[in-house]
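**Q** One structure, pasted below without further comment.
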There are 2 protein chains.
Amino acid sequence: MALSENGPTVAVVGVTGAVGQEFLSVLDDRDFPYGKLKLLASKRSAGKHMTFQDRDYVVEELTDESFNGVDIALFSAGGSISKEFGPVAVDKGVIVVDNSSAFRMVDGVPLVIPEASVNPDAMAHIRLSNKKGALIANPNCSTIICLMAVTPLHRHAKVKRMVVSTYQAASGAGAAAMAELEQQTREVLEGKEPTCKIFNQQYAFNLFSHNSSVKENGYNEEELKLVKETRKIWDDDEVRVTATCVRVPVMRAHAESINLQFEKPVDEETARQILSSANGVTVIDDRDANSFPTPLKVSSTDDVAVGRIRRDLSQDGHHGLDIFVCGDQIRKGAALNAVQIAEKLW
Amino acid sequence: MALSENGPTVAVVGVTGAVGQEFLSVLDDRDFPYGKLKLLASKRSAGKHMTFQDRDYVVEELTDESFNGVDIALFSAGGSISKEFGPVAVDKGVIVVDNSSAFRMVDGVPLVIPEASVNPDAMAHIRLSNKKGALIANPNCSTIICLMAVTPLHRHAKVKRMVVSTYQAASGAGAAAMAELEQQTREVLEGKEPTCKIFNQQYAFNLFSHNSSVKENGYNEEELKLVKETRKIWDDDEVRVTATCVRVPVMRAHAESINLQFEKPVDEETARQILSSANGVTVIDDRDANSFPTPLKVSSTDDVAVGRIRRDLSQDGHHGLDIFVCGDQIRKGAALNAVQIAEKLW
């Protein structure tokens with residue numbers, strides 16, 4: 001991380017969580033030019049020491065006063081913390097990049113995947129030089145990973161309809177869920193009853209429909225995020241999206257099987273070229289070696305991996321494609337995307 | 001298992017495999033009325049003793065002579081064994097129920113899911129009383145599990161197009177793959193390098209595109225089975241199917257996320273009623289409790305479980321549904337379906 005005399009003061013809210021820790025790691029990896037750093041968390045974690053780049057930090061309790069003098073705040077402490085403290089920070093002139101779902105669908109709040117191939121323009125009016133507070137929302141992890149791959153294709157041939165089935169990692173439910181998956185797996189291998197605290201059923205060697213609440217229309221919240229956030233990010237109310245979101249016993253990277261129907265034809269080779277040249281996307285698509293994206297291949301890496309690129313046999317001509325994508329849920333699905341947003345604020 | 005003086009002589013080919021063992025367990029559970037039982041396997045396993053219902057059996061080496069006097073043979077020893085010995089058995093007057101892919105797409109060989117709601121009629125001409133040899137093919141596990149749920153809906157409203165994403169268990173690759181998943185998981189938890197023998201990459205806490213070979217059109221064999229077998233079982237060359245098949249670190253039950261487009265409208269409540277009354281199908285669809293099918297719920301059980309039944313928001317009116325199904329791969333996906341076929345031979 002680059003300490004810079006004129007750099008902004010950056011606050012990390014929820015620094016003790018899985019995404020909070022990843023914020024620090026990404027800021028460091030990318031030499032983010034900050035002036036001062038504040039580590040904020042709940043009262044329970046306040047007073048903890050964190051060594052970061054040979055410097056000792058004391059985690060401070062998050063209060064209204066925490067945002068005095070802050071320029072950029074990266075929030076990942078859950079929706080209710082964002083709702084309570086996000087507006088406070090904005091009032092104090094802070095640009096808040098919020099990883100929760102609290103403000104994503106609020107009119108006027110940009111929902112951004114900042115790669116040039118997606119929608120950085122949605123936040124073009126928010127700049128540090130304006131010296132004005134603002135909220136920018138980080139999309140949900142499944143949406144980011146999906147749209148990193150699909151948007152470049154959408155820009156080329158316009159997606160009419162998209163059918164997504166997810167294979168989601170434990171990390172999406174936080175560090176405690178990752179620990180639970182590991183503990184349960186040990187217990188099952190030892191012939192013991194698995195301990196179920198975060199989830200209401202066995203996760204080890206099992207999978208289940210996403211644990212978010214199910215709405216009257218039968219979709220769970222995670223699925224509706226994919227539907228609604230895609231429309232907002234593409235600024236396209238016509239695109240039709242359906243999704244089935246499933247948790248699988250994997251630690252920190254999501255996979256998604258995506259079926260696409262396009263308005264204009266797009267053949268397989270063109271799709272492969274478009275994806276190969278998209279920033280933040282890596283094509284892994286070796287049919288002979290049966291080598292395609294997997295959660296392990298992308299874990300702790302920045303790019304979203306795409307493979308299994310093929311013409312959909314169930315559609316006429318070249319109007320359909322099937323693809324399979326994997327992305328690190330904590331990194332591009334959360335912390336990296338937020339830091340990339342912050343990098344665009346100059 | 002019911003020993004019956006006039007019952008047929010049943011041979012189990014590949015009795016030492018995961019499905020072979022399940023054949024015995026299913027024959028037992030269902031009191032299948034047999035006269036004599038022959039347990040057949042490769043030379044390597046010949047001479048092994050198996051105690052079954054308090055009776056000692058010696059596994060015999062599979063040879064052409066093995067089928068003398070046999071009435072029904074249940075094959076699950078891989079495609080090449082079926083290709084070599086299936087026709088030999090048929091020539092000797094045996095009715096072969098083959099779990100391999102060897103004969104599934106051969107004209108004149110019925111490919112059967114024997115529930116009344118699917119296609120028992122395809123084998124109506126094959127009867128023990130005919131005293132004539134015949135081949136009947138067991139569909140692939142993913143196809144059986146999918147079509148158990150989808151066919152009753154298809155009969156009602158005609159499926160035009162189906163998009164399937166699978167979450168497939170280790171058992172589909174045999175008992176050794178299940179053992180490898182367990183061993184790898186222990187190794188990873190102990191911080192060791194996982195041993196990869198059956199699969200060319202880490203399976204524990206990971207998932208990957210199905211390991212069957214990938215064809216020129218980019219689909220792997222497992223996916224093409226779903227496409228082709230559905231058409232044959234439904235006797236409908238028009239139905240459009242696409243599939244993405246993925247292995248997940250689960251032991252013995254597959255899950256499938258299925259998106260359906262119908263010719264005629266079918267609302268959610270009608271779909272739920274149709275599925276609730278279909279034989280061999282259990283609806284698990286409690287939205288308030290977030291209780292839906294999982295691999296563990298169906299492991300070692302007979303029924304295919306269906307849930308997440310909902311109108312597809314991405315389609316107009318009531319012409320689309322999303323569903324999520326789980327079925328035991330070894331049982332209904334293989335052994336049970338074959339034994340149910342055998343039960344229809346009288």
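For the structure tokens, the naming scheme is as follows: chains receive sequential letters (A, B, ...) according to their order of presentation, residues are indexed from 1 within each chain, and ligands are indexed from 1 in presentation order.
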So that each row is one residue of chain B with an atom at most 7 Å from chain A, can you give its shortest atom pair and the distance in Å to one decimal, using only C-alpha atoms, rows by chain and rising number, as JSON lines?
**A**
{"residue": "B:Arg161", "atom": "CA", "partner": "A:Ser314", "partner_atom": "CA", "distance": 6.9}
{"residue": "B:Ser165", "atom": "CA", "partner": "A:Ser165", "partner_atom": "CA", "distance": 6.6}
{"residue": "B:Phe205", "atom": "CA", "partner": "A:Val250", "partner_atom": "CA", "distance": 4.4}
{"residue": "B:Asn206", "atom": "CA", "partner": "A:Val250", "partner_atom": "CA", "distance": 5.5}
{"residue": "B:Leu207", "atom": "CA", "partner": "A:Thr294", "partner_atom": "CA", "distance": 6.1}
{"residue": "B:Phe208", "atom": "CA", "partner": "A:Thr294", "partner_atom": "CA", "distance": 5.4}
{"residue": "B:Ser209", "atom": "CA", "partner": "A:Phe292", "partner_atom": "CA", "distance": 6.7}
{"residue": "B:Asn211", "atom": "CA", "partner": "A:Asn290", "partner_atom": "CA", "distance": 6.9}
{"residue": "B:Val214", "atom": "CA", "partner": "A:Arg287", "partner_atom": "CA", "distance": 5.7}
{"residue": "B:Asn217", "atom": "CA", "partner": "A:Arg310", "partner_atom": "CA", "distance": 6.9}
{"residue": "B:Gly218", "atom": "CA", "partner": "A:Arg310", "partner_atom": "CA", "distance": 5.4}
{"residue": "B:Arg240", "atom": "CA", "partner": "A:Ser314", "partner_atom": "CA", "distance": 4.6}
{"residue": "B:Val241", "atom": "CA", "partner": "A:Ser314", "partner_atom": "CA", "distance": 5.2}
{"residue": "B:Thr242", "atom": "CA", "partner": "A:Ser314", "partner_atom": "CA", "distance": 5.5}
{"residue": "B:Thr244", "atom": "CA", "partner": "A:Ser257", "partner_atom": "CA", "distance": 6.8}
{"residue": "B:Pro249", "atom": "CA", "partner": "A:Phe205", "partner_atom": "CA", "distance": 5.9}
{"residue": "B:Val250", "atom": "CA", "partner": "A:Phe205", "partner_atom": "CA", "distance": 4.4}
{"residue": "B:Met251", "atom": "CA", "partner": "A:Phe205", "partner_atom": "CA", "distance": 6.5}
{"residue": "B:Ser257", "atom": "CA", "partner": "A:Ser165", "partner_atom": "CA", "distance": 6.6}
{"residue": "B:Arg287", "atom": "CA", "partner": "A:Val214", "partner_atom": "CA", "distance": 5.7}
{"residue": "B:Asp288", "atom": "CA", "partner": "A:Val214", "partner_atom": "CA", "distance": 6.9}
{"residue": "B:Asn290", "atom": "CA", "partner": "A:Asn211", "partner_atom": "CA", "distance": 6.9}
{"residue": "B:Phe292", "atom": "CA", "partner": "A:Ser209", "partner_atom": "CA", "distance": 6.8}
{"residue": "B:Thr294", "atom": "CA", "partner": "A:Phe208", "partner_atom": "CA", "distance": 5.4}
{"residue": "B:Pro295", "atom": "CA", "partner": "A:Asn206", "partner_atom": "CA", "distance": 6.0}
{"residue": "B:Leu296", "atom": "CA", "partner": "A:Asn206", "partner_atom": "CA", "distance": 6.1}
{"residue": "B:Arg308", "atom": "CA", "partner": "A:Gly218", "partner_atom": "CA", "distance": 6.8}
{"residue": "B:Arg310", "atom": "CA", "partner": "A:Gly218", "partner_atom": "CA", "distance": 5.4}
{"residue": "B:Asp312", "atom": "CA", "partner": "A:Thr242", "partner_atom": "CA", "distance": 6.5}
{"residue": "B:Leu313", "atom": "CA", "partner": "A:Thr242", "partner_atom": "CA", "distance": 6.2}
{"residue": "B:Ser314", "atom": "CA", "partner": "A:Arg240", "partner_atom": "CA", "distance": 4.6}
**Q** List the spatial neighbours of B:Ala41 as a JSON list (two decimals) with all heavy atoms, in the first residue's frame - criterion: any atom at most 7 Å away, only C-alpha atoms, same-chain residues fewer than 3 positions off excluded.
**A**
[["chain", "number", "residue", "atom", "x", "y", "z"],
["B", 13, "VAL", "N", -24.47, -58.51, -13.41],
["B", 13, "VAL", "CA", -23.16, -58.38, -14.07],
["B", 13, "VAL", "C", -22.48, -57.09, -13.58],
["B", 13, "VAL", "O", -23.03, -56.00, -13.75],
["B", 13, "VAL", "CB", -23.33, -58.34, -15.60],
["B", 13, "VAL", "CG1", -21.96, -58.22, -16.28],
["B", 13, "VAL", "CG2", -24.09, -59.58, -16.09],
["B", 14, "GLY", "N", -21.32, -57.26, -12.97],
["B", 14, "GLY", "CA", -20.63, -56.12, -12.38],
["B", 14, "GLY", "C", -21.03, -55.96, -10.92],
["B", 14, "GLY", "O", -21.16, -54.85, -10.42],
["B", 15, "VAL", "N", -21.19, -57.09, -10.26],
["B", 15, "VAL", "CA", -21.79, -57.08, -8.91],
["B", 15, "VAL", "C", -20.90, -56.41, -7.87],
["B", 15, "VAL", "O", -21.39, -55.99, -6.82],
["B", 15, "VAL", "CB", -22.17, -58.52, -8.48],
["B", 15, "VAL", "CG1", -20.91, -59.35, -8.20],
["B", 15, "VAL", "CG2", -23.11, -58.52, -7.29],
["B", 16, "THR", "N", -19.61, -56.28, -8.14],
["B", 16, "THR", "CA", -18.73, -55.69, -7.14],
["B", 16, "THR", "C", -18.69, -54.16, -7.21],
["B", 16, "THR", "O", -18.12, -53.52, -6.33],
["B", 16, "THR", "CB", -17.29, -56.24, -7.30],
["B", 16, "THR", "OG1", -16.90, -56.03, -8.66],
["B", 16, "THR", "CG2", -17.22, -57.72, -6.98],
["B", 45, "SER", "N", -12.32, -60.30, -9.64],
["B", 45, "SER", "CA", -13.21, -60.43, -8.49],
["B", 45, "SER", "C", -13.78, -61.84, -8.35],
["B", 45, "SER", "O", -14.43, -62.15, -7.34],
["B", 45, "SER", "CB", -14.37, -59.44, -8.61],
["B", 45, "SER", "OG", -13.89, -58.13, -8.64],
["B", 46, "ALA", "N", -13.57, -62.67, -9.36],
["B", 46, "ALA", "CA", -14.13, -64.04, -9.32],
["B", 46, "ALA", "C", -13.59, -64.78, -8.11],
["B", 46, "ALA", "O", -12.43, -64.63, -7.73],
["B", 46, "ALA", "CB", -13.80, -64.77, -10.60],
["B", 59, "VAL", "N", -18.75, -65.14, -6.30],
["B", 59, "VAL", "CA", -18.77, -64.34, -7.53],
["B", 59, "VAL", "C", -18.09, -65.15, -8.62],
["B", 59, "VAL", "O", -16.99, -65.68, -8.44],
["B", 59, "VAL", "CB", -18.05, -62.99, -7.31],
["B", 59, "VAL", "CG1", -17.97, -62.21, -8.61],
["B", 59, "VAL", "CG2", -18.76, -62.18, -6.23],
["B", 60, "GLU", "N", -18.78, -65.26, -9.78],
["B", 60, "GLU", "CA", -18.25, -66.03, -10.90],
["B", 60, "GLU", "C", -17.67, -65.09, -11.96],
["B", 60, "GLU", "O", -18.14, -63.97, -12.13],
["B", 60, "GLU", "CB", -19.36, -66.85, -11.56],
["B", 60, "GLU", "CG", -20.00, -67.87, -10.63],
["B", 60, "GLU", "CD", -21.25, -68.49, -11.27],
["B", 60, "GLU", "OE1", -21.20, -68.85, -12.47],
["B", 60, "GLU", "OE2", -22.28, -68.58, -10.57],
["B", 61, "GLU", "N", -16.66, -65.58, -12.64],
["B", 61, "GLU", "CA", -16.10, -64.79, -13.74],
["B", 61, "GLU", "C", -17.10, -64.73, -14.89],
["B", 61, "GLU", "O", -17.69, -65.74, -15.27],
["B", 61, "GLU", "CB", -14.79, -65.42, -14.22],
["B", 61, "GLU", "CG", -14.16, -64.56, -15.31],
["B", 61, "GLU", "CD", -12.93, -65.20, -15.96],
["B", 61, "GLU", "OE1", -12.46, -66.25, -15.44],
["B", 61, "GLU", "OE2", -12.46, -64.68, -16.98],
["B", 62, "LEU", "N", -17.26, -63.53, -15.41],
["B", 62, "LEU", "CA", -18.17, -63.34, -16.54],
["B", 62, "LEU", "C", -17.57, -63.95, -17.81],
["B", 62, "LEU", "O", -16.48, -63.59, -18.24],
["B", 62, "LEU", "CB", -18.38, -61.83, -16.74],
["B", 62, "LEU", "CG", -19.18, -61.40, -17.97],
["B", 62, "LEU", "CD1", -20.61, -61.89, -17.89],
["B", 62, "LEU", "CD2", -19.15, -59.88, -18.09]]
**Q** Pick out the closest residue to A:Asp236 from this set: A:Val159, A:Val281, A:Ala134, A:Val304. Count only C-alpha atoms.
**A**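 Using only C-alpha atoms, the shortest distance to A:Asp236 belongs to A:Val159.
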**Q** Write down as an NGL selection string the residues of stretch 29-59 of chain B whose backbone DSSP state falls under strand (DSSP E).
**A** :B and (33-34 or 36-41 or 49-52 or 55-58)
**Q** Where in stretch 79-302 of chain B does DSSP assign alpha helix (DSSP H), given as a PyMOL selection string?
**A** chain B and resi 79-91+141-157+175-189+221-234+268-276+295-298
**Q** Store the residues picked out above in a file with C-alpha atoms, as a PDB file, in the first residue's frame.
**A**
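Generated file (again09.pdb):
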ATOM      1  CA  GLY B  79     -19.992 -49.951 -21.899  1.00  0.00           C
ATOM      2  CA  SER B  80     -17.359 -52.298 -23.316  1.00  0.00           C
ATOM      3  CA  ILE B  81     -18.528 -55.244 -21.178  1.00  0.00           C
ATOM      4  CA  SER B  82     -22.110 -54.538 -22.244  1.00  0.00           C
ATOM      5  CA  LYS B  83     -21.086 -54.397 -25.885  1.00  0.00           C
ATOM      6  CA  GLU B  84     -19.212 -57.686 -25.620  1.00  0.00           C
ATOM      7  CA  PHE B  85     -21.557 -59.720 -23.464  1.00  0.00           C
ATOM      8  CA  GLY B  86     -24.969 -58.072 -23.976  1.00  0.00           C
ATOM      9  CA  PRO B  87     -25.533 -59.592 -27.453  1.00  0.00           C
ATOM     10  CA  VAL B  88     -24.201 -62.967 -26.229  1.00  0.00           C
ATOM     11  CA  ALA B  89     -26.784 -62.982 -23.471  1.00  0.00           C
ATOM     12  CA  VAL B  90     -29.585 -61.912 -25.803  1.00  0.00           C
ATOM     13  CA  ASP B  91     -28.664 -64.751 -28.182  1.00  0.00           C
ATOM     14  CA  CYS B 141     -28.599 -41.038 -14.293  1.00  0.00           C
ATOM     15  CA  SER B 142     -28.946 -37.322 -15.083  1.00  0.00           C
ATOM     16  CA  THR B 143     -31.628 -38.066 -17.653  1.00  0.00           C
ATOM     17  CA  ILE B 144     -33.628 -40.303 -15.321  1.00  0.00           C
ATOM     18  CA  ILE B 145     -33.554 -37.764 -12.483  1.00  0.00           C
ATOM     19  CA  CYS B 146     -34.488 -34.911 -14.815  1.00  0.00           C
ATOM     20  CA  LEU B 147     -37.267 -36.693 -16.685  1.00  0.00           C
ATOM     21  CA  MET B 148     -38.892 -38.189 -13.589  1.00  0.00           C
ATOM     22  CA  ALA B 149     -39.857 -34.623 -12.719  1.00  0.00           C
ATOM     23  CA  VAL B 150     -40.200 -33.048 -16.128  1.00  0.00           C
ATOM     24  CA  THR B 151     -42.150 -35.725 -18.025  1.00  0.00           C
ATOM     25  CA  PRO B 152     -45.393 -35.359 -16.040  1.00  0.00           C
ATOM     26  CA  LEU B 153     -45.268 -31.626 -16.811  1.00  0.00           C
ATOM     27  CA  HIS B 154     -44.401 -32.364 -20.439  1.00  0.00           C
ATOM     28  CA  ARG B 155     -47.446 -34.625 -20.794  1.00  0.00           C
ATOM     29  CA  HIS B 156     -49.604 -31.765 -19.539  1.00  0.00           C
ATOM     30  CA  ALA B 157     -48.216 -28.736 -21.364  1.00  0.00           C
ATOM     31  CA  ALA B 175     -17.106 -46.306  -5.925  1.00  0.00           C
ATOM     32  CA  ALA B 176     -13.456 -45.378  -6.453  1.00  0.00           C
ATOM     33  CA  ALA B 177     -14.432 -41.768  -7.174  1.00  0.00           C
ATOM     34  CA  MET B 178     -16.417 -41.629  -3.950  1.00  0.00           C
ATOM     35  CA  ALA B 179     -13.397 -42.956  -2.080  1.00  0.00           C
ATOM     36  CA  GLU B 180     -11.174 -40.409  -3.810  1.00  0.00           C
ATOM     37  CA  LEU B 181     -13.430 -37.537  -2.770  1.00  0.00           C
ATOM     38  CA  GLU B 182     -13.289 -38.716   0.821  1.00  0.00           C
ATOM     39  CA  GLN B 183      -9.532 -39.251   0.780  1.00  0.00           C
ATOM     40  CA  GLN B 184      -8.857 -35.902  -0.866  1.00  0.00           C
ATOM     41  CA  THR B 185     -11.047 -34.133   1.654  1.00  0.00           C
ATOM     42  CA  ARG B 186      -9.082 -35.682   4.538  1.00  0.00           C
ATOM     43  CA  GLU B 187      -5.832 -34.707   2.852  1.00  0.00           C
ATOM     44  CA  VAL B 188      -6.895 -31.103   2.251  1.00  0.00           C
ATOM     45  CA  LEU B 189      -8.045 -30.763   5.870  1.00  0.00           C
ATOM     46  CA  GLU B 221     -20.842 -36.571 -23.538  1.00  0.00           C
ATOM     47  CA  GLU B 222     -22.850 -36.280 -20.343  1.00  0.00           C
ATOM     48  CA  GLU B 223     -24.640 -33.221 -21.693  1.00  0.00           C
ATOM     49  CA  LEU B 224     -25.364 -34.829 -25.049  1.00  0.00           C
ATOM     50  CA  LYS B 225     -26.901 -37.810 -23.246  1.00  0.00           C
ATOM     51  CA  LEU B 226     -29.447 -35.473 -21.691  1.00  0.00           C
ATOM     52  CA  VAL B 227     -30.186 -33.936 -25.098  1.00  0.00           C
ATOM     53  CA  LYS B 228     -30.499 -37.192 -27.048  1.00  0.00           C
ATOM     54  CA  GLU B 229     -32.029 -39.465 -24.421  1.00  0.00           C
ATOM     55  CA  THR B 230     -34.789 -36.961 -23.672  1.00  0.00           C
ATOM     56  CA  ARG B 231     -35.798 -37.005 -27.335  1.00  0.00           C
ATOM     57  CA  LYS B 232     -35.823 -40.786 -27.473  1.00  0.00           C
ATOM     58  CA  ILE B 233     -37.693 -41.281 -24.196  1.00  0.00           C
ATOM     59  CA  TRP B 234     -40.321 -38.704 -25.150  1.00  0.00           C
ATOM     60  CA  GLU B 268     -47.375 -23.004 -10.616  1.00  0.00           C
ATOM     61  CA  GLU B 269     -50.214 -24.564  -8.656  1.00  0.00           C
ATOM     62  CA  THR B 270     -51.108 -26.958 -11.460  1.00  0.00           C
ATOM     63  CA  ALA B 271     -47.466 -27.935 -11.798  1.00  0.00           C
ATOM     64  CA  ARG B 272     -47.269 -28.611  -8.065  1.00  0.00           C
ATOM     65  CA  GLN B 273     -50.381 -30.790  -8.218  1.00  0.00           C
ATOM     66  CA  ILE B 274     -49.098 -32.749 -11.211  1.00  0.00           C
ATOM     67  CA  LEU B 275     -45.765 -33.368  -9.500  1.00  0.00           C
ATOM     68  CA  SER B 276     -47.386 -34.259  -6.178  1.00  0.00           C
ATOM     69  CA  PRO B 295     -28.653 -34.470  -2.174  1.00  0.00           C
ATOM     70  CA  LEU B 296     -28.609 -35.609   1.472  1.00  0.00           C
ATOM     71  CA  LYS B 297     -32.397 -35.662   1.725  1.00  0.00           C
ATOM     72  CA  VAL B 298     -32.660 -38.088  -1.192  1.00  0.00           C
TER      73      VAL B 298
END
**Q** Grab the atom CA of A:Arg247 to atom CA of B:Thr282 distance for me, in Å with one decimal place.
**A**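 So the two atoms, atom CA of A:Arg247 and atom CA of B:Thr282, lie 21.5 Å apart.
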**Q** Any idea what's packed within 10 Å of A:Asp121, counting only C-alpha atoms, ignoring anything in its chain fewer than 6 positions away? Could you give it as a list in words?
**A**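 That gives Pro110, Val112, Ile113, Pro114 and Glu115 of chain A.
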**Q** Give the answer as one residue: which of A:Ile198, A:Leu40, A:Val118, A:Val10 has the shortest atom-to-atom distance to A:Ser171, using only C-alpha atoms?
**A**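 Answer, going by the shortest atom-to-atom distance: A:Ile198.
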**Q** Which value, in Å to one decimal, gives the distance between atom CA of A:Phe23 and atom CA of A:Ala334?
**A**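 Atom CA of A:Phe23 sits 8.6 Å away from atom CA of A:Ala334.
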